[in-house]
$ cat target_39.txt   # compact mmCIF, C-alpha atoms
# COMPACT_ATOMS: atom_id res chain seq x y z
CA MET L 1 -32.93 2.17 119.18
CA LYS L 2 -31.61 5.38 117.73
CA LYS L 3 -32.01 3.94 114.25
CA LEU L 4 -35.61 2.85 115.02
CA SER L 5 -36.61 6.25 116.35
CA LYS L 6 -35.12 7.91 113.26
CA ILE L 7 -37.18 5.63 111.02
CA LEU L 8 -40.31 6.38 113.05
CA VAL L 9 -39.76 10.13 112.72
CA ILE L 10 -39.27 9.80 108.96
CA LEU L 11 -42.41 7.69 108.66
CA LEU L 12 -44.35 10.23 110.72
CA ILE L 13 -43.20 13.11 108.51
CA LEU L 14 -44.04 11.12 105.38
CA GLY L 15 -47.46 10.30 106.81
CA ILE L 16 -48.18 13.96 107.49
CA LEU L 17 -47.06 14.88 103.99
CA VAL L 18 -49.28 12.23 102.42
CA LEU L 19 -52.27 13.27 104.48
CA THR L 20 -51.90 16.95 103.71
CA SER L 21 -51.38 16.35 100.01
CA CYS L 22 -54.56 14.29 99.61
CA ALA L 23 -57.52 16.08 98.15
CA SER L 24 -60.53 16.49 100.39
CA PHE L 25 -62.87 16.12 97.45
CA LYS L 26 -63.18 14.24 94.21
CA ALA L 27 -64.81 15.94 91.24
CA GLN L 28 -65.53 14.98 87.64
CA ALA L 29 -65.72 17.26 84.67
CA PRO L 30 -69.24 17.83 83.34
CA GLU L 31 -70.15 15.99 80.13
CA ASN L 32 -68.16 17.34 77.15
CA PHE L 33 -65.83 19.39 79.30
CA ALA L 34 -62.07 19.05 79.25
CA GLU L 35 -60.38 18.71 82.62
CA TYR L 36 -57.32 20.82 83.45
CA THR L 37 -54.31 18.91 84.74
CA GLY L 38 -51.61 20.19 87.05
CA THR L 39 -54.00 22.09 89.30
CA PRO L 40 -53.45 22.08 93.07
CA ASN L 41 -55.35 19.51 95.17
CA THR L 42 -57.65 22.22 96.48
CA LYS L 43 -58.96 22.95 92.99
CA PHE L 44 -60.61 21.23 90.05
CA LYS L 45 -60.99 23.04 86.72
CA ALA L 46 -62.64 22.15 83.45
CA VAL L 47 -63.73 24.00 80.34
CA SER L 48 -66.12 23.25 77.47
CA SER L 49 -65.32 23.67 73.79
CA ASP L 50 -67.47 26.83 73.65
CA GLY L 51 -65.77 28.47 76.62
CA VAL L 52 -68.03 27.60 79.57
CA LEU L 53 -65.82 27.41 82.70
CA TYR L 54 -66.26 25.04 85.64
CA ARG L 55 -64.29 25.12 88.89
CA VAL L 56 -64.48 23.41 92.28
CA SER L 57 -62.48 25.03 95.09
CA GLU L 58 -61.73 24.13 98.66
CA TYR L 59 -61.22 26.84 101.29
CA GLU L 60 -60.32 26.76 104.96
CA GLN L 61 -63.34 27.81 106.99
CA ASP L 62 -62.88 27.46 110.74
CA ALA L 63 -66.05 29.32 111.73
CA LYS L 64 -68.96 26.91 111.50
CA ALA L 65 -72.40 28.17 110.59
CA SER L 66 -75.71 27.00 109.25
CA LEU L 67 -76.68 26.89 105.60
CA GLU L 68 -79.00 29.87 106.12
CA PHE L 69 -76.17 31.89 107.60
CA TRP L 70 -73.92 31.21 104.59
CA ARG L 71 -76.80 31.96 102.25
CA SER L 72 -77.31 35.42 103.83
CA ALA L 73 -73.59 36.25 103.99
CA PHE L 74 -73.00 35.20 100.41
CA LEU L 75 -76.04 36.96 98.94
CA LEU L 76 -75.14 40.17 100.76
CA LYS L 77 -71.75 40.29 99.09
CA MET L 78 -73.17 39.45 95.65
CA LYS L 79 -75.86 42.11 95.97
CA ASN L 80 -73.30 44.74 97.00
CA ALA L 81 -71.16 43.75 94.03
CA ASN L 82 -74.15 44.33 91.70
CA TYR L 83 -74.65 40.75 90.57
CA LYS L 84 -78.24 40.20 89.45
CA GLN L 85 -79.75 37.03 90.92
CA GLU L 86 -81.60 35.04 88.25
CA ASP L 87 -82.32 31.74 89.96
CA SER L 88 -81.83 29.79 93.16
CA LEU L 89 -80.82 26.14 92.88
CA ASN L 90 -81.86 23.07 94.79
CA VAL L 91 -78.45 21.39 94.86
CA SER L 92 -76.51 19.12 97.09
CA PHE L 93 -73.10 17.55 96.91
CA GLY L 94 -71.15 15.27 99.14
CA GLY L 95 -74.56 14.15 100.35
CA LYS L 96 -75.30 17.53 101.92
CA PRO L 97 -77.64 20.36 100.83
CA ALA L 98 -75.76 23.32 99.49
CA ILE L 99 -76.53 26.95 98.75
CA GLY L 100 -76.85 27.48 95.01
CA TYR L 101 -77.59 30.48 92.78
CA ILE L 102 -77.30 31.63 89.21
CA PHE L 103 -76.48 35.28 88.56
CA SER L 104 -76.44 37.26 85.37
CA PHE L 105 -74.70 40.40 84.26
CA GLU L 106 -74.44 42.40 81.11
CA THR L 107 -71.26 42.59 79.08
CA SER L 108 -70.44 44.52 75.93
CA ALA L 109 -71.02 41.30 73.96
CA GLY L 110 -74.33 40.35 75.58
CA SER L 111 -75.20 38.59 78.81
CA ASP L 112 -73.19 36.09 80.88
CA SER L 113 -74.39 33.63 83.53
CA TYR L 114 -72.53 32.78 86.73
CA LEU L 115 -73.45 29.75 88.86
CA VAL L 116 -72.26 29.34 92.44
CA ALA L 117 -72.93 26.43 94.80
CA ALA L 118 -71.30 26.05 98.22
CA VAL L 119 -71.40 23.72 101.20
CA GLN L 120 -69.45 23.47 104.47
CA PHE L 121 -67.87 20.26 105.69
CA LYS L 122 -66.21 20.53 109.12
CA ASP L 123 -63.54 23.22 108.75
CA LYS L 124 -63.67 23.48 104.98
CA MET L 125 -65.88 25.24 102.49
CA PHE L 126 -66.38 23.68 99.07
CA VAL L 127 -67.42 26.05 96.31
CA VAL L 128 -68.49 25.22 92.77
CA GLU L 129 -68.51 27.95 90.13
CA ALA L 130 -69.44 27.94 86.47
CA THR L 131 -69.75 30.73 83.95
CA GLY L 132 -70.25 31.37 80.28
CA GLU L 133 -72.20 33.39 77.74
CA SER L 134 -75.85 32.90 78.74
CA ALA L 135 -77.08 30.92 75.71
CA LYS L 136 -74.08 28.57 75.84
CA PHE L 137 -74.38 28.23 79.60
CA GLU L 138 -78.02 27.17 79.30
CA THR L 139 -77.12 24.31 76.98
CA ARG L 140 -74.48 23.11 79.50
CA LYS L 141 -76.48 23.76 82.66
CA LYS L 142 -77.87 20.24 83.08
CA ASP L 143 -74.44 18.66 82.65
CA ILE L 144 -72.99 21.13 85.17
CA LEU L 145 -75.67 20.32 87.75
CA ASP L 146 -75.13 16.58 87.17
CA ALA L 147 -71.40 17.04 87.77
CA ILE L 148 -72.10 18.97 91.00
CA ASN L 149 -74.23 16.09 92.27
CA LYS L 150 -71.36 13.69 91.68
CA ILE L 151 -68.81 15.60 93.78
CA ASN L 152 -67.54 13.43 96.65
CA ILE L 153 -66.26 14.94 99.86
CA ASN L 154 -63.75 12.81 101.79
CA MET H 155 -77.93 93.46 88.56
CA LYS H 156 -78.06 93.47 84.77
CA ILE H 157 -74.42 94.56 84.69
CA LEU H 158 -73.52 91.68 87.00
CA LYS H 159 -75.37 89.25 84.71
CA ILE H 160 -73.41 90.53 81.71
CA PHE H 161 -70.13 89.87 83.59
CA LYS H 162 -71.02 86.17 83.63
CA PHE H 163 -70.30 86.14 79.90
CA TRP H 164 -67.23 88.36 80.12
CA PRO H 165 -64.80 86.11 78.29
CA ILE H 166 -67.09 85.88 75.28
CA LEU H 167 -67.82 89.63 75.37
CA ILE H 168 -64.16 90.56 75.38
CA LEU H 169 -63.33 88.17 72.59
CA THR H 170 -66.30 89.31 70.51
CA MET H 171 -65.13 92.92 70.89
CA ALA H 172 -61.63 91.87 69.94
CA VAL H 173 -62.94 90.26 66.81
CA SER H 174 -64.20 93.58 65.44
CA ALA H 175 -60.67 95.12 65.58
CA GLN H 176 -58.69 92.05 64.51
CA VAL H 177 -59.12 88.87 62.60
CA THR H 178 -58.82 85.98 65.02
CA GLU H 179 -59.54 82.29 64.98
CA GLN H 180 -61.30 81.43 68.21
CA ASP H 181 -61.44 78.11 70.04
CA PHE H 182 -63.79 77.40 72.91
CA SER H 183 -63.78 74.31 75.03
CA PHE H 184 -66.43 73.23 77.55
CA SER H 185 -66.63 70.30 79.95
CA VAL H 186 -70.19 69.49 80.97
CA ARG H 187 -71.63 67.11 83.51
CA THR H 188 -74.70 65.18 82.44
CA ALA H 189 -76.52 61.89 83.02
CA ASN H 190 -77.64 61.62 79.40
CA VAL H 191 -74.86 62.34 76.93
CA ASP H 192 -76.85 61.52 73.78
CA SER H 193 -79.70 63.83 74.72
CA VAL H 194 -77.31 66.70 75.47
CA PHE H 195 -75.45 66.23 72.20
CA GLN H 196 -78.68 66.17 70.19
CA LYS H 197 -79.76 69.44 71.80
CA VAL H 198 -76.34 70.97 71.21
CA ILE H 199 -76.50 70.07 67.50
CA GLN H 200 -80.01 71.51 67.21
CA ALA H 201 -78.94 74.72 68.96
CA ALA H 202 -75.87 75.05 66.75
CA GLU H 203 -77.80 74.48 63.53
CA SER H 204 -80.53 76.93 64.52
CA LYS H 205 -77.84 79.61 64.86
CA GLY H 206 -76.10 78.93 61.56
CA GLY H 207 -73.49 76.51 62.90
CA TYR H 208 -72.81 72.85 62.28
CA PHE H 209 -71.09 69.92 63.96
CA THR H 210 -67.82 68.57 62.62
CA ASN H 211 -67.06 65.63 64.90
CA TYR H 212 -69.09 63.47 67.27
CA ASN H 213 -68.24 60.50 69.49
CA ASN H 214 -69.45 59.00 72.78
CA TYR H 215 -67.66 61.60 74.89
CA SER H 216 -67.25 64.79 72.90
CA ILE H 217 -68.66 66.86 70.09
CA SER H 218 -66.98 69.52 67.95
CA LEU H 219 -68.86 72.38 66.29
CA ARG H 220 -68.38 75.51 64.27
CA MET H 221 -70.55 78.45 65.32
CA PRO H 222 -70.85 82.04 64.00
CA VAL H 223 -68.90 84.24 66.38
CA GLY H 224 -71.88 86.54 66.83
CA GLU H 225 -74.02 83.67 68.18
CA LEU H 226 -71.58 82.54 70.86
CA GLN H 227 -73.27 84.31 73.76
CA ALA H 228 -76.65 82.84 72.95
CA PHE H 229 -75.11 79.40 72.48
CA ASN H 230 -73.34 79.64 75.85
CA LYS H 231 -76.68 80.42 77.51
CA THR H 232 -78.34 77.49 75.75
CA LEU H 233 -75.57 75.14 76.85
CA GLU H 234 -76.00 76.24 80.47
CA ASP H 235 -79.70 75.33 80.24
CA ILE H 236 -78.91 71.90 78.81
CA ALA H 237 -76.13 70.70 81.13
CA GLU H 238 -73.99 71.73 84.06
CA ILE H 239 -70.81 73.41 82.76
CA VAL H 240 -67.89 72.43 84.98
CA ASN H 241 -65.04 73.86 82.94
CA ARG H 242 -64.53 76.49 80.23
CA SER H 243 -61.47 77.49 78.29
CA PHE H 244 -60.84 79.97 75.48
CA SER H 245 -58.00 80.59 73.10
CA SER H 246 -57.61 82.79 70.05
CA THR H 247 -55.03 83.07 67.30
CA ASP H 248 -54.50 86.44 65.67
CA LYS H 249 -54.62 86.08 61.89
CA THR H 250 -54.60 89.79 61.02
CA ALA H 251 -50.97 89.81 59.92
CA ASP H 252 -51.50 86.67 57.80
CA LEU H 253 -54.50 88.24 56.07
CA GLU H 254 -52.65 91.46 55.40
CA ARG H 255 -49.70 89.58 53.98
CA LEU H 256 -51.97 87.55 51.70
CA ALA H 257 -53.80 90.68 50.55
CA LEU H 258 -50.48 92.33 49.66
CA GLN H 259 -49.29 89.26 47.79
CA ILE H 260 -52.53 89.12 45.80
CA GLN H 261 -52.32 92.81 45.05
CA SER H 262 -48.73 92.63 43.81
CA ARG H 263 -49.52 89.68 41.55
CA GLN H 264 -52.60 91.46 40.20
CA LYS H 265 -50.44 94.46 39.31
CA LEU H 266 -47.96 92.19 37.58
CA MET H 267 -50.76 90.53 35.65
CA ASP H 268 -52.02 93.93 34.54
CA SER H 269 -48.51 94.75 33.31
CA TYR H 270 -48.35 91.51 31.36
CA PHE H 271 -51.75 92.21 29.78
CA GLU H 272 -50.39 95.55 28.61
CA LEU H 273 -47.32 93.79 27.29
CA VAL H 274 -49.43 91.33 25.31
CA LYS H 275 -50.92 94.20 23.32
CA HIS H 276 -47.50 95.21 22.02
CA ALA H 277 -45.39 92.06 22.34
CA PRO H 278 -43.89 90.43 19.25
CA PHE H 279 -45.47 87.11 18.25
CA ALA H 280 -42.36 85.15 19.24
CA GLU H 281 -42.67 86.31 22.86
CA LEU H 282 -46.41 85.76 23.21
CA GLN H 283 -46.07 82.16 24.42
CA ALA H 284 -43.68 83.17 27.22
CA VAL H 285 -46.02 85.95 28.30
CA GLN H 286 -48.97 83.53 28.23
CA ARG H 287 -47.08 81.12 30.48
CA GLU H 288 -46.37 83.87 32.97
CA LEU H 289 -50.02 84.93 32.98
CA VAL H 290 -51.20 81.38 33.65
CA SER H 291 -48.69 81.01 36.49
CA LEU H 292 -49.68 84.31 38.06
CA ASN H 293 -53.36 83.45 37.78
CA SER H 294 -52.77 80.17 39.56
CA GLN H 295 -50.83 81.89 42.34
CA ILE H 296 -53.53 84.50 42.81
CA GLU H 297 -56.21 81.81 43.04
CA ASN H 298 -54.17 79.94 45.61
CA LEU H 299 -53.61 83.03 47.73
CA GLN H 300 -57.27 84.00 47.51
CA GLY H 301 -58.20 80.52 48.63
CA GLN H 302 -55.95 80.86 51.67
CA LYS H 303 -57.41 84.27 52.47
CA HIS H 304 -60.99 83.01 52.22
CA GLY H 305 -60.09 80.07 54.43
CA ILE H 306 -58.79 82.33 57.18
CA GLU H 307 -61.80 84.63 56.88
CA ARG H 308 -64.17 81.67 57.08
CA ARG H 309 -62.43 80.20 60.12
CA ALA H 310 -62.45 83.61 61.81
CA ALA H 311 -66.17 84.00 61.17
CA LEU H 312 -66.95 80.62 62.69
CA ALA H 313 -65.58 79.85 66.16
CA SER H 314 -64.51 76.30 66.91
CA ILE H 315 -66.27 74.75 69.92
CA THR H 316 -65.49 71.45 71.61
CA ILE H 317 -67.80 70.05 74.28
CA SER H 318 -66.69 67.05 76.30
CA THR H 319 -68.83 65.29 78.85
CA ILE H 320 -68.45 63.92 82.34
CA SER H 321 -71.14 61.35 82.91
CA ILE H 322 -73.01 61.60 86.24
CA ALA H 323 -74.11 57.96 86.41
CA ALA H 324 -71.25 55.73 87.46
CA PRO H 325 -70.92 52.49 85.55
CA ILE H 326 -72.12 49.37 87.35
CA ALA H 327 -69.22 48.09 89.40
CA ARG H 328 -68.14 44.49 89.27
CA ASN H 329 -65.73 44.82 92.17
CA SER H 330 -66.09 42.32 95.00
CA THR H 331 -66.94 43.82 98.35
CA HIS H 332 -65.19 42.69 101.45
CA SER H 333 -66.74 39.91 103.53
CA PRO H 334 -65.32 38.55 106.78
CA PHE H 335 -65.08 35.16 105.06
CA THR H 336 -62.27 34.23 102.68
CA TRP H 337 -64.31 31.88 100.50
CA ILE H 338 -66.94 34.58 99.90
CA ASN H 339 -64.28 37.15 99.00
CA ARG H 340 -62.71 34.74 96.53
CA THR H 341 -66.01 33.72 94.95
CA ASP H 342 -65.96 36.30 92.23
CA LEU H 343 -66.33 36.14 88.48
CA ASN H 344 -63.15 38.10 87.79
CA SER H 345 -61.12 35.74 89.94
CA LEU H 346 -62.71 32.71 88.22
CA ARG H 347 -61.82 34.07 84.79
CA GLU H 348 -58.30 34.97 85.86
CA ASP H 349 -57.78 31.42 87.05
CA PHE H 350 -58.38 30.09 83.55
CA LYS H 351 -55.98 32.45 81.82
$ encode --input "target_39.txt" --output "structure tokens"
Amino acid sequence: MKKLSKILVILLILGILVLTSCASFKAQAPENFAEYTGTPNTKFKAVSSDGVLYRVSEYEQDAKASLEFWRSAFLLKMKNANYKQEDSLNVSFGGKPAIGYIFSFETSAGSDSYLVAAVQFKDKMFVVEATGESAKFETRKKDILDAINKININ
Amino acid sequence: MKILKIFKFWPILILTMAVSAQVTEQDFSFSVRTANVDSVFQKVIQAAESKGGYFTNYNNYSISLRMPVGELQAFNKTLEDIAEIVNRSFSSTDKTADLERLALQIQSRQKLMDSYFELVKHAPFAELQAVQRELVSLNSQIENLQGQKHGIERRAALASITISTISIAAPIARNSTHSPFTWINRTDLNSLREDFK
């Protein structure tokens, strides 16, 4: 009996470890992007040959709120941080509508674009970000949006 | 009231008076606050050139000029009209002793040259070459000393002015502002870029 209970405890611990180490989402790199390996399960990173960055992140988010609430909270922060909103996106991933925006800002070398899309699933927030020099970003935008649509949430 | 207004320019007045008794090289430094650095610098250059001065160095944050000492008061007034002056500093270096020393050195060499010219009239042919060499050397020394003297006199006649700027408009900040929500605070371009380094 003692031996059996020991085995059960070990199996339970292993089970918890397996569950916690599984990713909550599955993402693919956009077309012609190279995927980073060795990233934690809560992140997915990829980069194009001309330096456009793509990242999917998972955050703990216990407080549950509507899409409109997250839209307001997010835009408030971006406005206060002087990001200039260029476009709003009609995106969804994991089968759920998400908030989505493209911002621009000036740099010494020109203008960069910054895309953000986010959606809440239960107690997690999934955030997609992409950025690059504006002209290069435009050529990759469709592939990035296609990749966002293919994100699966477990 | 007029006396009080004059006291506003007291440092320049005192230094200008000092100039008439001594030979000094003067350096003035101003820090000004402005929203439009280029416009201020253009006006400063125009003001300097209209008063017989010129600019010697120019970059995004500072400008250096040379200005006739006699025009300093008027230039100071012009600068006050162009931008808010937040800091002034003055320094001067007394060059009287240097000038006197150079004048004496030139004088002594001139006297020696005159002696050699006299010598040439009566010197035997065999010694003429040696005398000629001495004359050439003395001439070169005198020219050099005169050049140094003119340089000091020129620098004393034109004060050196440096104007540096403090811009009023703050650059656009890219810092994230605090939100009650972790994911919003971490959704930031700087953090995204850092993650790919």
$ atom_distance --input "target_39.txt" --atom1 "atom CA of H:Ile199" --atom2 "atom CA of H:Arg220"
10.3 Å
$ closest_atom_pairs --input "target_39.txt" --of "chain L" --to "chain H" --cutoff "7 Å" --atoms "only C-alpha atoms" --output "tab-separated table"
residue	atom	partner	partner_atom	distance
L:Tyr59	CA	H:Trp337	CA	6.0
L:Phe74	CA	H:Ile338	CA	6.1
L:Lys77	CA	H:Thr331	CA	6.0
L:Asn80	CA	H:Thr331	CA	6.6
L:Ala81	CA	H:Ser330	CA	5.4
L:Asn82	CA	H:Arg328	CA	6.5
$ closest_residue --input "target_39.txt" --among "L:Ala130, L:Lys26, L:Ser5, L:Phe121" --to "L:Pro97" --atoms "only C-alpha atoms"
L:Phe121
$ residues_near_point --input "target_39.txt" --point "(-67.2, 26.3, 72.2)" --cutoff "12 Å" --atoms "all atoms listed in the file" --output "list in words"
Asn32, Phe33, Ala34, Val47, Ser48, Ser49, Asp50, Gly51, Val52, Leu53, Gly132, Glu133, Ala135, Lys136, Phe137, Thr139 and Arg140 of chain L
$ closest_residue --input "target_39.txt" --among "L:Ser24, L:Ser104, L:Asn152, L:Gln120" --to "L:Pro40" --atoms "only C-alpha atoms"
L:Ser24
$ atom_distance --input "target_39.txt" --atom1 "atom CA of H:Asp235" --atom2 "atom CA of H:Arg187"
12.0 Å
$ residues_around --input "target_39.txt" --residues "L:Asn154" --least-positions-apart "5" --cutoff "12 Å" --atoms "all atoms listed in the file" --output "ChimeraX atom specification"
/L:19,22-27,58,93-95,121-122,124,126
$ atom_distance --input "target_39.txt" --atom1 "atom CA of H:Arg287" --atom2 "atom CA of H:Arg255"
25.1 Å
$ closest_residue --input "target_39.txt" --among "H:Gln180, H:Leu219, H:Arg263, H:Ser185" --to "H:Arg242" --atoms "all atoms listed in the file"
H:Ser185
$ closest_residue --input "target_39.txt" --among "H:Glu281, H:Val177, H:Ile236, H:Gln286" --to "H:Ala251" --atoms "all atoms listed in the file"
H:Val177
$ residues_around --input "target_39.txt" --residues "H:Ala313" --least-positions-apart "5" --cutoff "12 Å" --atoms "all atoms listed in the file" --output "JSON, numbers by chain"
{"H": [166, 169, 170, 173, 177, 178, 179, 180, 181, 182, 183, 202, 206, 207, 208, 209, 218, 219, 220, 221, 222, 223, 224, 225, 226, 227, 229, 244, 245, 246, 247, 306, 307, 308]}
$ write_last_selection --input "target_39.txt" --atoms "C-alpha atoms" --output "PDB file, keeping the file's coordinate frame"
ATOM      1  CA  ILE H 166     -67.090  85.880  75.280  1.00  0.00           C
ATOM      2  CA  LEU H 169     -63.330  88.170  72.590  1.00  0.00           C
ATOM      3  CA  THR H 170     -66.300  89.310  70.510  1.00  0.00           C
ATOM      4  CA  VAL H 173     -62.940  90.260  66.810  1.00  0.00           C
ATOM      5  CA  VAL H 177     -59.120  88.870  62.600  1.00  0.00           C
ATOM      6  CA  THR H 178     -58.820  85.980  65.020  1.00  0.00           C
ATOM      7  CA  GLU H 179     -59.540  82.290  64.980  1.00  0.00           C
ATOM      8  CA  GLN H 180     -61.300  81.430  68.210  1.00  0.00           C
ATOM      9  CA  ASP H 181     -61.440  78.110  70.040  1.00  0.00           C
ATOM     10  CA  PHE H 182     -63.790  77.400  72.910  1.00  0.00           C
ATOM     11  CA  SER H 183     -63.780  74.310  75.030  1.00  0.00           C
ATOM     12  CA  ALA H 202     -75.870  75.050  66.750  1.00  0.00           C
ATOM     13  CA  GLY H 206     -76.100  78.930  61.560  1.00  0.00           C
ATOM     14  CA  GLY H 207     -73.490  76.510  62.900  1.00  0.00           C
ATOM     15  CA  TYR H 208     -72.810  72.850  62.280  1.00  0.00           C
ATOM     16  CA  PHE H 209     -71.090  69.920  63.960  1.00  0.00           C
ATOM     17  CA  SER H 218     -66.980  69.520  67.950  1.00  0.00           C
ATOM     18  CA  LEU H 219     -68.860  72.380  66.290  1.00  0.00           C
ATOM     19  CA  ARG H 220     -68.380  75.510  64.270  1.00  0.00           C
ATOM     20  CA  MET H 221     -70.550  78.450  65.320  1.00  0.00           C
ATOM     21  CA  PRO H 222     -70.850  82.040  64.000  1.00  0.00           C
ATOM     22  CA  VAL H 223     -68.900  84.240  66.380  1.00  0.00           C
ATOM     23  CA  GLY H 224     -71.880  86.540  66.830  1.00  0.00           C
ATOM     24  CA  GLU H 225     -74.020  83.670  68.180  1.00  0.00           C
ATOM     25  CA  LEU H 226     -71.580  82.540  70.860  1.00  0.00           C
ATOM     26  CA  GLN H 227     -73.270  84.310  73.760  1.00  0.00           C
ATOM     27  CA  PHE H 229     -75.110  79.400  72.480  1.00  0.00           C
ATOM     28  CA  PHE H 244     -60.840  79.970  75.480  1.00  0.00           C
ATOM     29  CA  SER H 245     -58.000  80.590  73.100  1.00  0.00           C
ATOM     30  CA  SER H 246     -57.610  82.790  70.050  1.00  0.00           C
ATOM     31  CA  THR H 247     -55.030  83.070  67.300  1.00  0.00           C
ATOM     32  CA  ILE H 306     -58.790  82.330  57.180  1.00  0.00           C
ATOM     33  CA  GLU H 307     -61.800  84.630  56.880  1.00  0.00           C
ATOM     34  CA  ARG H 308     -64.170  81.670  57.080  1.00  0.00           C
TER      35      ARG H 308
END
$ residues_around --input "target_39.txt" --residues "stretch 270-272 of chain H" --least-positions-apart "5" --cutoff "9 Å" --atoms "only C-alpha atoms" --output "compact mmCIF listing (two decimals) with C-alpha atoms, in the frame of the given file"
# COMPACT_ATOMS: atom_id res chain seq x y z
CA LYS H 265 -50.44 94.46 39.31
CA ALA H 277 -45.39 92.06 22.34
CA VAL H 285 -46.02 85.95 28.30
CA GLN H 286 -48.97 83.53 28.23
CA GLU H 288 -46.37 83.87 32.97
CA LEU H 289 -50.02 84.93 32.98
$ residues_around --input "target_39.txt" --residues "L:Ala118" --least-positions-apart "4" --cutoff "12 Å" --atoms "all atoms listed in the file" --output "JSON, numbers by chain"
{"L": [55, 56, 57, 58, 59, 61, 66, 67, 68, 70, 71, 73, 74, 75, 89, 90, 91, 92, 93, 94, 96, 97, 98, 99, 100, 101, 124, 125, 126, 127, 128, 129, 148, 149, 151], "H": [337, 338, 341]}
